[in-house]
Structure formats: C-alpha cells, structure tokens
$ cat final.tsv   # TSV, C-alpha atoms
chain	number	residue	atom	x	y	z
Z	403	MET	CA	-40.88	-117.26	-30.42
Z	404	GLY	CA	-41.15	-116.28	-26.74
Z	405	ALA	CA	-41.40	-118.76	-23.94
Z	406	SER	CA	-43.21	-121.99	-24.54
Z	407	ALA	CA	-46.05	-122.89	-22.19
Z	408	ALA	CA	-47.35	-126.22	-20.95
Z	409	ALA	CA	-50.46	-126.92	-22.95
Z	410	GLY	CA	-53.54	-128.99	-22.12
Z	411	LEU	CA	-55.41	-130.88	-24.81
Z	412	GLN	CA	-59.13	-130.33	-25.18
Z	413	MET	CA	-60.93	-132.88	-27.33
Z	414	VAL	CA	-64.43	-131.85	-28.36
Z	415	ALA	CA	-66.91	-133.90	-30.41
Z	416	ALA	CA	-66.88	-132.32	-33.87
Z	417	ARG	CA	-69.61	-129.78	-34.38
Z	418	PRO	CA	-69.81	-126.08	-35.32
Z	419	CYS	CA	-68.25	-124.17	-32.45
Z	420	ILE	CA	-66.55	-120.92	-31.64
Z	421	SER	CA	-63.64	-120.99	-29.23
Z	422	ALA	CA	-63.42	-118.20	-26.69
Z	423	SER	CA	-59.73	-118.79	-26.15
Z	424	HIS	CA	-57.27	-116.29	-27.54
Z	425	ARG	CA	-54.31	-118.36	-26.44
Z	426	MET	CA	-54.14	-120.91	-29.23
Z	427	LEU	CA	-50.91	-122.88	-29.58
Z	428	SER	CA	-50.12	-125.32	-32.35
Z	429	SER	CA	-50.63	-129.00	-31.61
Z	430	ARG	CA	-50.58	-132.30	-33.47
Z	431	ALA	CA	-52.92	-135.06	-32.41
Z	432	MET	CA	-54.69	-137.98	-34.06
Z	433	VAL	CA	-57.62	-139.99	-32.82
Z	434	SER	CA	-58.50	-142.71	-35.28
Z	435	ARG	CA	-61.22	-144.62	-33.45
Z	436	THR	CA	-63.50	-143.92	-30.54
Z	437	ASP	CA	-62.65	-147.24	-28.87
Z	438	ARG	CA	-59.00	-146.13	-28.77
Z	439	THR	CA	-59.84	-142.69	-27.36
Z	440	LEU	CA	-60.40	-143.84	-23.77
Z	441	SER	CA	-56.99	-145.46	-23.59
Z	442	THR	CA	-55.48	-142.35	-25.17
Z	443	ILE	CA	-57.10	-140.25	-22.46
Z	444	ASP	CA	-55.70	-142.54	-19.78
Z	445	ARG	CA	-52.20	-141.95	-21.12
Z	446	PHE	CA	-52.69	-138.16	-21.28
Z	447	VAL	CA	-54.44	-137.67	-17.95
Z	448	SER	CA	-51.25	-137.20	-15.97
Z	449	CYS	CA	-50.12	-134.22	-18.07
Z	450	ALA	CA	-53.20	-132.80	-19.75
Z	451	LYS	CA	-56.71	-131.73	-18.93
Z	452	ILE	CA	-59.31	-133.55	-21.03
Z	453	CYS	CA	-62.82	-132.19	-21.53
Z	454	CYS	CA	-65.56	-133.79	-23.59
Z	455	SER	CA	-68.57	-131.73	-24.53
Z	456	ARG	CA	-70.78	-134.81	-24.66
Z	457	PRO	CA	-70.40	-138.49	-23.69
Z	458	LEU	CA	-68.30	-140.63	-25.97
Z	459	SER	CA	-70.14	-143.46	-27.70
Z	460	SER	CA	-68.99	-146.69	-29.27
Z	461	LYS	CA	-69.76	-145.32	-32.73
Z	462	ARG	CA	-67.06	-143.75	-34.85
Z	463	THR	CA	-67.05	-140.08	-33.98
Z	464	GLY	CA	-65.06	-137.17	-35.37
Z	465	PHE	CA	-63.14	-135.00	-32.95
Z	466	VAL	CA	-61.75	-131.49	-33.03
Z	467	VAL	CA	-58.52	-131.45	-31.05
Z	468	ARG	CA	-57.17	-128.19	-29.82
Z	469	ALA	CA	-54.43	-127.20	-27.43
Z	470	THR	CA	-54.83	-124.38	-24.95
Z	471	SER	CA	-52.09	-122.85	-22.88
Z	472	GLY	CA	-51.93	-123.30	-19.14
Z	473	GLU	CA	-52.91	-120.61	-16.67
Z	474	SER	CA	-49.38	-119.23	-16.49
Z	475	GLY	CA	-48.72	-119.30	-20.26
Z	476	LEU	CA	-48.22	-116.29	-22.51
Z	477	GLN	CA	-51.32	-114.97	-24.18
Z	478	GLY	CA	-51.47	-114.58	-27.92
Z	479	LEU	CA	-48.93	-115.50	-30.57
Z	480	PRO	CA	-46.25	-112.81	-30.37
Z	481	ILE	CA	-44.08	-111.60	-33.22
Z	482	ASP	CA	-40.58	-111.70	-31.81
Z	483	LEU	CA	-37.81	-110.04	-33.81
Z	484	ARG	CA	-35.40	-109.57	-30.93
Z	485	GLY	CA	-31.84	-110.09	-32.09
Z	486	LYS	CA	-32.76	-109.27	-35.70
Z	487	ARG	CA	-31.40	-106.33	-37.66
Z	488	ALA	CA	-33.42	-104.59	-40.37
Z	489	PHE	CA	-32.41	-102.19	-43.12
Z	490	ILE	CA	-35.32	-100.13	-44.45
Z	491	ALA	CA	-34.59	-98.32	-47.71
Z	492	GLY	CA	-36.75	-95.30	-48.42
Z	493	VAL	CA	-37.54	-93.60	-45.10
Z	494	ALA	CA	-37.47	-89.82	-45.37
Z	495	ASP	CA	-40.28	-88.68	-43.05
Z	496	ASP	CA	-42.69	-90.03	-40.46
Z	497	ASN	CA	-45.91	-90.37	-42.44
Z	498	GLY	CA	-45.25	-93.05	-45.04
Z	499	TYR	CA	-45.36	-96.82	-45.15
Z	500	GLY	CA	-41.60	-97.09	-44.70
Z	501	TRP	CA	-41.80	-95.33	-41.33
Z	502	ALA	CA	-44.75	-97.50	-40.26
Z	503	ILE	CA	-42.84	-100.65	-41.17
Z	504	ALA	CA	-39.78	-99.46	-39.25
Z	505	LYS	CA	-41.96	-98.83	-36.17
Z	506	ALA	CA	-43.62	-102.24	-36.36
Z	507	LEU	CA	-40.28	-104.01	-36.66
Z	508	ALA	CA	-38.89	-101.96	-33.78
Z	509	ALA	CA	-41.94	-102.78	-31.65
Z	510	ALA	CA	-41.23	-106.46	-32.29
Z	511	GLY	CA	-37.67	-105.99	-31.07
Z	512	ALA	CA	-35.66	-105.53	-34.27
Z	513	GLU	CA	-32.70	-103.18	-34.56
Z	514	ILE	CA	-33.48	-100.49	-37.14
Z	515	LEU	CA	-31.19	-99.07	-39.82
Z	516	VAL	CA	-32.60	-96.83	-42.54
Z	517	GLY	CA	-31.51	-95.58	-45.93
Z	518	THR	CA	-32.67	-92.06	-46.78
Z	519	TRP	CA	-32.63	-90.38	-50.19
Z	520	VAL	CA	-29.61	-88.09	-50.20
Z	521	PRO	CA	-31.42	-84.78	-50.97
Z	522	ALA	CA	-33.80	-85.44	-48.04
Z	523	LEU	CA	-31.11	-86.60	-45.61
Z	524	ASN	CA	-30.33	-83.32	-43.85
Z	525	ILE	CA	-33.98	-82.46	-43.20
Z	526	PHE	CA	-34.73	-85.98	-41.96
Z	527	GLU	CA	-31.74	-86.17	-39.61
Z	528	THR	CA	-32.37	-82.65	-38.31
Z	529	SER	CA	-36.01	-83.49	-37.59
Z	530	LEU	CA	-34.96	-86.63	-35.74
Z	531	ARG	CA	-32.35	-84.76	-33.74
Z	532	ARG	CA	-34.70	-81.95	-32.73
Z	533	GLY	CA	-37.42	-84.31	-31.60
Z	534	LYS	CA	-39.89	-83.42	-34.34
Z	535	PHE	CA	-40.70	-87.11	-34.82
Z	536	ASP	CA	-40.78	-88.03	-31.13
Z	537	GLU	CA	-44.55	-88.34	-30.99
Z	538	SER	CA	-44.68	-90.63	-34.00
Z	539	ARG	CA	-41.68	-92.59	-32.71
Z	540	LYS	CA	-43.70	-93.84	-29.74
Z	541	LEU	CA	-44.02	-97.61	-29.55
Z	542	PRO	CA	-46.84	-99.54	-27.85
Z	543	ASP	CA	-44.79	-99.91	-24.65
Z	544	GLY	CA	-44.29	-96.14	-24.43
Z	545	SER	CA	-40.65	-96.13	-25.50
Z	546	LEU	CA	-39.36	-94.35	-28.59
Z	547	MET	CA	-38.26	-96.18	-31.71
Z	548	ASP	CA	-34.49	-96.07	-31.89
Z	549	ILE	CA	-33.05	-95.64	-35.36
Z	550	VAL	CA	-29.54	-96.91	-34.81
Z	551	LYS	CA	-28.10	-95.37	-37.95
Z	552	VAL	CA	-29.25	-93.40	-40.99
Z	553	TYR	CA	-27.40	-94.02	-44.25
Z	554	PRO	CA	-27.52	-91.71	-47.26
Z	555	LEU	CA	-28.88	-93.69	-50.21
Z	556	ASP	CA	-29.82	-93.17	-53.82
Z	557	ALA	CA	-30.95	-96.56	-55.09
Z	558	VAL	CA	-30.98	-95.38	-58.71
Z	559	TYR	CA	-27.20	-95.82	-58.79
Z	560	ASP	CA	-25.57	-99.20	-58.19
Z	561	SER	CA	-21.96	-98.03	-57.86
Z	562	PRO	CA	-19.93	-94.78	-57.98
Z	563	GLU	CA	-19.12	-95.41	-61.64
Z	564	ASP	CA	-22.82	-95.10	-62.50
Z	565	VAL	CA	-23.23	-91.59	-61.08
Z	566	PRO	CA	-23.23	-88.88	-63.75
Z	567	GLU	CA	-21.15	-85.74	-63.25
Z	568	ASP	CA	-24.15	-83.44	-62.92
Z	569	VAL	CA	-25.38	-85.47	-59.94
Z	570	LYS	CA	-21.95	-85.59	-58.33
Z	571	SER	CA	-21.72	-81.81	-58.54
Z	572	ASN	CA	-25.31	-81.21	-57.45
Z	573	LYS	CA	-25.37	-79.20	-54.23
Z	574	ARG	CA	-28.12	-81.44	-52.82
Z	575	TYR	CA	-25.55	-84.26	-52.74
Z	576	ALA	CA	-22.79	-82.11	-51.27
Z	577	GLY	CA	-21.39	-83.37	-47.99
Z	578	SER	CA	-22.62	-86.93	-48.50
Z	579	SER	CA	-20.58	-89.89	-49.64
Z	580	ASN	CA	-20.86	-93.65	-50.10
Z	581	TRP	CA	-24.54	-93.46	-51.04
Z	582	THR	CA	-24.79	-95.82	-54.01
Z	583	VAL	CA	-26.35	-99.23	-53.38
Z	584	LYS	CA	-23.03	-101.05	-53.45
Z	585	GLU	CA	-21.39	-98.55	-51.09
Z	586	VAL	CA	-24.29	-98.61	-48.62
Z	587	ALA	CA	-24.24	-102.41	-48.47
Z	588	GLU	CA	-20.49	-102.29	-47.83
Z	589	SER	CA	-20.95	-99.65	-45.12
Z	590	VAL	CA	-23.60	-101.72	-43.36
Z	591	LYS	CA	-21.32	-104.76	-43.52
Z	592	ASN	CA	-18.43	-102.78	-42.05
Z	593	ASP	CA	-20.60	-101.29	-39.31
Z	594	PHE	CA	-22.73	-104.28	-38.32
Z	595	GLY	CA	-21.55	-107.35	-40.18
Z	596	SER	CA	-24.92	-108.62	-41.31
Z	597	ILE	CA	-28.67	-108.00	-41.45
Z	598	ASP	CA	-31.72	-110.24	-41.26
Z	599	ILE	CA	-34.40	-108.08	-42.86
Z	600	LEU	CA	-34.36	-105.89	-45.98
Z	601	VAL	CA	-37.24	-103.55	-46.79
Z	602	HIS	CA	-37.67	-101.74	-50.11
Z	603	SER	CA	-39.98	-98.76	-49.58
Z	604	LEU	CA	-39.13	-96.39	-52.39
Z	605	ALA	CA	-40.44	-95.43	-55.79
Z	606	ASN	CA	-40.26	-92.52	-58.19
Z	607	GLY	CA	-41.82	-91.72	-61.52
Z	608	PRO	CA	-40.79	-88.29	-62.84
Z	609	GLU	CA	-43.69	-88.34	-65.31
Z	610	VAL	CA	-46.26	-90.01	-63.06
Z	611	THR	CA	-48.92	-87.39	-63.89
Z	612	LYS	CA	-48.66	-88.09	-67.63
Z	613	PRO	CA	-50.82	-90.71	-69.39
Z	614	LEU	CA	-48.82	-93.65	-70.65
Z	615	LEU	CA	-49.36	-92.56	-74.26
Z	616	GLU	CA	-47.65	-89.28	-73.43
Z	617	THR	CA	-44.80	-90.76	-71.38
Z	618	SER	CA	-41.31	-90.42	-72.80
Z	619	ARG	CA	-38.88	-93.30	-73.02
Z	620	ARG	CA	-36.67	-91.53	-70.52
Z	621	GLY	CA	-39.53	-91.05	-68.06
Z	622	TYR	CA	-40.71	-94.65	-68.44
Z	623	LEU	CA	-37.26	-96.13	-67.88
Z	624	ALA	CA	-36.66	-93.78	-64.95
Z	625	ALA	CA	-39.80	-95.13	-63.26
Z	626	ILE	CA	-38.68	-98.71	-63.83
Z	627	SER	CA	-35.18	-97.95	-62.57
Z	628	ALA	CA	-36.20	-96.20	-59.36
Z	629	SER	CA	-39.28	-98.24	-58.52
Z	630	SER	CA	-38.48	-101.82	-59.49
Z	631	TYR	CA	-34.88	-102.42	-60.56
Z	632	SER	CA	-33.77	-100.68	-57.38
Z	633	TYR	CA	-35.20	-103.67	-55.49
Z	634	VAL	CA	-33.22	-106.09	-57.61
Z	635	SER	CA	-30.09	-104.05	-56.99
Z	636	LEU	CA	-30.65	-103.82	-53.24
Z	637	LEU	CA	-31.15	-107.55	-52.88
Z	638	GLN	CA	-28.23	-108.26	-55.20
Z	639	HIS	CA	-25.87	-106.26	-52.98
Z	640	PHE	CA	-27.37	-107.04	-49.56
Z	641	LEU	CA	-27.92	-110.77	-50.06
Z	642	PRO	CA	-24.27	-111.64	-49.27
Z	643	ILE	CA	-24.65	-110.04	-45.81
Z	644	MET	CA	-28.13	-111.40	-45.03
Z	645	ASN	CA	-28.33	-114.20	-42.51
Z	646	PRO	CA	-29.94	-117.44	-43.75
Z	647	GLY	CA	-33.61	-117.54	-42.82
Z	648	GLY	CA	-33.94	-113.78	-43.33
Z	649	ALA	CA	-36.64	-112.02	-45.29
Z	650	THR	CA	-37.14	-109.08	-47.60
Z	651	ILE	CA	-40.26	-107.19	-48.63
Z	652	SER	CA	-41.23	-104.41	-51.01
Z	653	LEU	CA	-44.33	-102.28	-51.54
Z	654	THR	CA	-46.46	-102.47	-54.66
Z	655	TYR	CA	-49.85	-101.15	-55.79
Z	656	ILE	CA	-52.87	-102.60	-57.55
Z	657	ALA	CA	-52.14	-100.49	-60.65
Z	658	SER	CA	-49.78	-103.36	-61.50
Z	659	GLU	CA	-52.80	-105.42	-62.56
Z	660	ARG	CA	-55.67	-102.95	-62.94
Z	661	ALA	CA	-55.95	-99.81	-65.03
Z	662	ILE	CA	-55.78	-96.78	-62.71
Z	663	PRO	CA	-56.24	-93.66	-64.88
Z	664	GLY	CA	-53.94	-90.90	-63.65
Z	665	TYR	CA	-51.31	-93.26	-62.27
Z	666	GLY	CA	-49.07	-92.81	-65.27
Z	667	GLY	CA	-45.53	-92.22	-66.38
Z	668	GLY	CA	-44.78	-95.95	-66.47
Z	669	MET	CA	-45.45	-96.42	-62.76
Z	670	SER	CA	-48.07	-99.11	-63.34
Z	671	SER	CA	-45.52	-100.99	-65.45
Z	672	ALA	CA	-42.90	-100.54	-62.73
Z	673	LYS	CA	-45.22	-102.08	-60.14
Z	674	ALA	CA	-46.02	-104.97	-62.47
Z	675	ALA	CA	-42.29	-105.56	-62.92
Z	676	LEU	CA	-41.79	-105.40	-59.16
Z	677	GLU	CA	-44.38	-108.13	-58.56
Z	678	SER	CA	-42.94	-110.33	-61.30
Z	679	ASP	CA	-39.44	-109.84	-59.90
Z	680	THR	CA	-40.73	-110.79	-56.45
Z	681	ARG	CA	-41.59	-114.26	-57.71
Z	682	VAL	CA	-38.30	-114.75	-59.53
Z	683	LEU	CA	-36.24	-113.34	-56.66
Z	684	ALA	CA	-38.09	-115.60	-54.23
Z	685	PHE	CA	-36.75	-118.59	-56.12
Z	686	GLU	CA	-33.23	-117.28	-56.62
Z	687	ALA	CA	-32.73	-115.78	-53.15
Z	688	GLY	CA	-34.44	-118.76	-51.57
Z	689	ARG	CA	-32.11	-121.23	-53.22
Z	690	LYS	CA	-28.99	-119.11	-52.88
Z	691	GLY	CA	-29.39	-117.66	-49.39
Z	692	LYS	CA	-32.53	-119.17	-47.81
Z	693	ILE	CA	-34.10	-115.72	-47.96
Z	694	ARG	CA	-37.85	-115.17	-48.34
Z	695	VAL	CA	-39.09	-112.49	-50.75
Z	696	ASN	CA	-42.59	-110.99	-50.64
Z	697	THR	CA	-44.35	-107.78	-51.61
Z	698	ILE	CA	-47.24	-105.92	-50.00
Z	699	SER	CA	-49.89	-104.41	-52.27
Z	700	ALA	CA	-51.00	-101.54	-50.07
Z	701	GLY	CA	-54.06	-99.37	-50.50
Z	702	PRO	CA	-53.85	-95.59	-50.95
Z	703	LEU	CA	-52.31	-93.53	-48.14
Z	704	GLY	CA	-52.09	-89.74	-47.98
Z	705	SER	CA	-48.32	-89.68	-47.52
Z	706	ARG	CA	-46.09	-86.89	-48.75
Z	707	ALA	CA	-44.76	-89.08	-51.56
Z	708	ALA	CA	-48.23	-90.22	-52.66
Z	709	LYS	CA	-49.39	-86.63	-53.06
Z	710	ALA	CA	-47.14	-86.36	-56.10
Z	711	ILE	CA	-49.74	-88.11	-58.25
Z	712	GLY	CA	-52.14	-85.24	-57.63
Z	713	PHE	CA	-55.38	-87.01	-56.64
Z	714	ILE	CA	-54.52	-89.21	-53.68
Z	715	GLU	CA	-57.42	-87.81	-51.61
Z	716	LYS	CA	-59.89	-88.98	-54.25
Z	717	MET	CA	-58.27	-92.42	-54.31
Z	718	ILE	CA	-58.59	-92.68	-50.53
Z	719	GLU	CA	-62.25	-91.65	-50.72
Z	720	TYR	CA	-62.93	-94.15	-53.51
Z	721	SER	CA	-61.35	-96.91	-51.47
Z	722	TYR	CA	-63.38	-96.03	-48.39
Z	723	VAL	CA	-66.67	-96.08	-50.30
Z	724	ASN	CA	-66.06	-99.20	-52.37
Z	725	ALA	CA	-63.87	-101.55	-50.30
Z	726	PRO	CA	-65.52	-104.44	-48.41
Z	727	LEU	CA	-64.15	-103.01	-45.15
Z	728	GLN	CA	-65.46	-99.47	-45.07
Z	729	LYS	CA	-62.81	-97.87	-42.89
Z	730	GLU	CA	-59.69	-95.79	-43.15
Z	731	LEU	CA	-56.57	-97.73	-44.10
Z	732	LEU	CA	-53.85	-97.07	-41.54
Z	733	ALA	CA	-50.13	-97.13	-42.24
Z	734	ASP	CA	-49.75	-99.21	-39.07
Z	735	GLU	CA	-51.80	-101.98	-40.68
Z	736	VAL	CA	-49.24	-102.25	-43.45
Z	737	GLY	CA	-46.47	-102.10	-40.87
Z	738	ASN	CA	-48.01	-104.94	-38.88
Z	739	THR	CA	-48.33	-107.07	-42.02
Z	740	ALA	CA	-44.69	-106.43	-42.82
Z	741	ALA	CA	-43.67	-107.47	-39.32
Z	742	PHE	CA	-45.56	-110.73	-39.75
Z	743	LEU	CA	-44.07	-111.41	-43.20
Z	744	VAL	CA	-40.48	-111.02	-42.01
Z	745	SER	CA	-41.04	-113.01	-38.83
Z	746	PRO	CA	-40.73	-116.77	-38.27
Z	747	LEU	CA	-44.53	-116.93	-38.24
Z	748	ALA	CA	-44.39	-116.54	-42.04
Z	749	SER	CA	-41.52	-119.00	-42.53
Z	750	ALA	CA	-43.29	-120.81	-45.39
Z	751	ILE	CA	-44.49	-117.70	-47.24
Z	752	THR	CA	-42.39	-116.44	-50.15
Z	753	GLY	CA	-42.95	-115.13	-53.66
Z	754	SER	CA	-46.33	-113.72	-52.64
Z	755	THR	CA	-48.18	-110.47	-53.24
Z	756	VAL	CA	-50.09	-109.77	-50.04
Z	757	TYR	CA	-52.97	-107.28	-50.28
Z	758	VAL	CA	-53.47	-104.82	-47.43
Z	759	ASP	CA	-56.19	-102.56	-48.81
Z	760	ASN	CA	-59.39	-103.31	-46.87
Z	761	GLY	CA	-60.24	-105.80	-49.62
Z	762	LEU	CA	-60.54	-103.27	-52.44
Z	763	ASN	CA	-58.58	-105.60	-54.76
Z	764	THR	CA	-61.46	-108.09	-54.67
Z	765	MET	CA	-64.03	-105.69	-56.10
Z	766	GLY	CA	-65.09	-105.78	-59.74
Z	767	LEU	CA	-67.76	-103.09	-59.51
Z	768	ALA	CA	-67.72	-99.62	-58.01
Z	769	ILE	CA	-70.80	-99.50	-55.80
Z	770	ASP	CA	-70.78	-95.71	-55.79
Z	771	SER	CA	-71.16	-95.64	-59.57
Z	772	PRO	CA	-74.10	-93.45	-60.67
Z	773	THR	CA	-75.27	-96.39	-62.78
Z	774	ILE	CA	-75.58	-98.55	-59.69
Z	775	THR	CA	-76.91	-95.96	-57.27
Z	776	SER	CA	-79.65	-94.95	-59.68

$ encode --input "final.tsv" --output "structure tokens"
Amino acid sequence: MGASAAAGLQMVAARPCISASHRMLSSRAMVSRTDRTLSTIDRFVSCAKICCSRPLSSKRTGFVVRATSGESGLQGLPIDLRGKRAFIAGVADDNGYGWAIAKALAAAGAEILVGTWVPALNIFETSLRRGKFDESRKLPDGSLMDIVKVYPLDAVYDSPEDVPEDVKSNKRYAGSSNWTVKEVAESVKNDFGSIDILVHSLANGPEVTKPLLETSRRGYLAAISASSYSYVSLLQHFLPIMNPGGATISLTYIASERAIPGYGGGMSSAKAALESDTRVLAFEAGRKGKIRVNTISAGPLGSRAAKAIGFIEKMIEYSYVNAPLQKELLADEVGNTAAFLVSPLASAITGSTVYVDNGLNTMGLAIDSPTITS
C-alpha cells in the first residue's frame, strides 16, 4: 500500500488524549515495566524519536505507544488498487451507486470493466462516446474515469440455453451477443485473463409497487432471480477467473430486516436472501478461492432505478429527518466504502453487511412522528 515511511515511536504516559497527527501508521510495541523502559529507550534512540509527556517514575505506569511517520513520509492511509481489475455489473447511467463505485475504484487506480443491461446498452455507450458523462467521469486528480470495456449483460440468464425465444427475438436485444452470465465471464477471461474485484449493483422487481399480499408467484420469483440469485450466478461464473485475495461486493437495503411499506413485489425478500447468501458465499468463496464477500446496505438515493418504487423522494426526506447524521447521503460515500471493502485495508472483513445510511439503521423511533413532536 504505497511507499513505506520511516516511523518514529512516541511513548506517552496513558491518559485521555487526542492526537493531532493524521499520519498514523501501524506499529507493535510492548513495554511491560517502567524500569525496563529506560533501557528500551536507549536501544531505540538511534533510530526513533522518543517523547515523554511527563517524567517517568519507578512505579508501574501504563503507556500508549504510537508510531508517527517521518517528515518525508506519505500522509494518510491511501487505498491503492493499482494493478487491480474490477468488473462492475449493473452500470447503465451516471447517477446510481454502481457508477459511484466504479469512480471510487478508478480513483484508487483500478482498471474498470462494466456490464450493462442489454436494452440500455446503446444509450449508455452513446452517452459515453458523446461526452455526456464527462463531467461525472471526473476523478479527484482532474482526469476522467476510463471505462476500458463495456459488456452487454443480462444477469437473469446464466447461459444461452436459459434464454426464452421471445427474449432472443426482442428488438431490444438485437445486435448484441454473448450477454448471459456464463458468456460474459468467458469474454472477460478471453479479453483480460482475470479480475480482482467483482461488484454486483443490479436489482429488479417487476411488481415492486405491489404489496406482498398482492404479489404474484411470478413477480416474487422474478425479484429473487434478478436481485439475489444473479449475485450467486455472477460469483459462480467469475470465481474461476478471480485472483486469490480478491473481493466482491453487492448492494442491499434495510428492507431486508425491517418492514418498509411500499417496497413490495418480493424485493424485501430478495434483499434478505442477498444478505444471507453473502454470509454463505463468504465461507465458500473464501475457502475455495480466498475471495472476500461483503454487502453494503445503502440508504435511499434518488437514482433513476430507485424512482421505480414511486416514493423515493419521501424516503430520502425521512432519512434526512430521522437519521443520526442529518445530512444528504451521497453516492460517493457508498463508492468510498466499496473501495475500502475491496482493498487490502479490509483484508480481514468478509461475510459482513456494512451500513452506509447516515446511521438510519440504528433508529427504533421516528423522531418526526406526530406522536413524538406533540
């Protein structure tokens, strides 16, 4: 992770304190007795700067030991994904979480491949080509995110044999080929050999506006297929070409564990399945390929896809009023979390649901309720 810097050890008598340094590096140190500390300092003095906030005494004293980088060291703890290749499934415009994740990974140095739903492919590629997304492609260093290749993808179908005739003949699929999950994984392998990061950023519930009691079996299973099993299928087919130590993430929503009236059509069940699968896949992919598997439970965002439920603006307003952090949730905040989760900084995190919702998931009472406000 970037260049390492020579670090000095600061040993401070234990007491409540706030460090002004933003250049923390990890360090291991142990001081068991005060009478051994002086000799320890003597051994360190040639290579480290020692500072004591108050005189050492002969009594047993606790110490906080921290390492700070030298004057010429790098500041901060950078996320470095240079040399890594990411495939993000479910990017079809520039205002959703998938796009934000792609940007964050690109900003960290990763090579970006995306899978776009076949009916949206032409519009997306045309917009990219004409520069419509140039403003939103800007990275922190002023450069533009480079999407190396866009693959047509419909993650509802695992292989060509699964595609029904009416879909094959649908004009929205005309001109595209090799877009089932199996075919896309094979295409990526042929084009690039391997990937390090897999992102699942897609969902669909054709009856999402219907209450669960009014949802048909077909609608319910369609939501499960597109929103949760698609993740299983993607990992199943991409795992053989993922480099050991890689990572994969998906996007979930708190309706998986809380009742959200209006978020229907089996979508809440699909998100619950997705989170359960995350834990099981973490074990299986971890043992089989040394791959980490996590999911991000993101708060409401006014993306084009989210508007399908019909009341996303009200959900955003509710979150703003009731969350512990009373601010707008930005797609970039989800993107940054994703970049962390797929980076070596999160090398021991797998099987987790990580909430990025300004803390709304912690609340058990709506503070804007008329009962409370009165």

$ closest_residue --input "final.tsv" --among "Z:Asn696, Z:Thr582, Z:Thr617, Z:Thr654" --to "Ser635 in chain Z" --atoms "only C-alpha atoms"
Z:Thr582

$ atom_distance --input "final.tsv" --atom1 "CA of Glu609 in chain Z" --atom2 "CA of Ile698 in chain Z"
23.6 Å

$ residues_near_point --input "final.tsv" --point "(-36.5, -97.7, -28.2)" --cutoff "10 Å" --atoms "only C-alpha atoms" --output "number ranges by chain"
Z: 505, 508-509, 511-514, 539-541, 543-550

$ atom_distance --input "final.tsv" --atom1 "CA of Arg660 in chain Z" --atom2 "CA of Ile599 in chain Z"
29.7 Å

$ atom_distance --input "final.tsv" --atom1 "CA of Gly666 in chain Z" --atom2 "CA of Ser618 in chain Z"
11.1 Å

$ closest_residue --input "final.tsv" --among "Z:Thr611, Z:Thr752, Z:Thr650, Z:Gln638" --to "Pro663 in chain Z" --atoms "only C-alpha atoms"
Z:Thr611

$ closest_atom_pairs --input "final.tsv" --of "range 529-644 of chain Z" --to "range 731-738 of chain Z" --cutoff "12 Å" --atoms "all atoms listed in the file" --output "Markdown table"
| residue | atom | partner | partner_atom | distance |
| --- | --- | --- | --- | --- |
| Z:Ser538 | CA | Z:Asp734 | CA | 11.2 |
| Z:Leu541 | CA | Z:Asp734 | CA | 11.2 |
| Z:Pro542 | CA | Z:Asp734 | CA | 11.6 |
| Z:Val601 | CA | Z:Gly737 | CA | 11.1 |
| Z:Ser603 | CA | Z:Gly737 | CA | 11.4 |
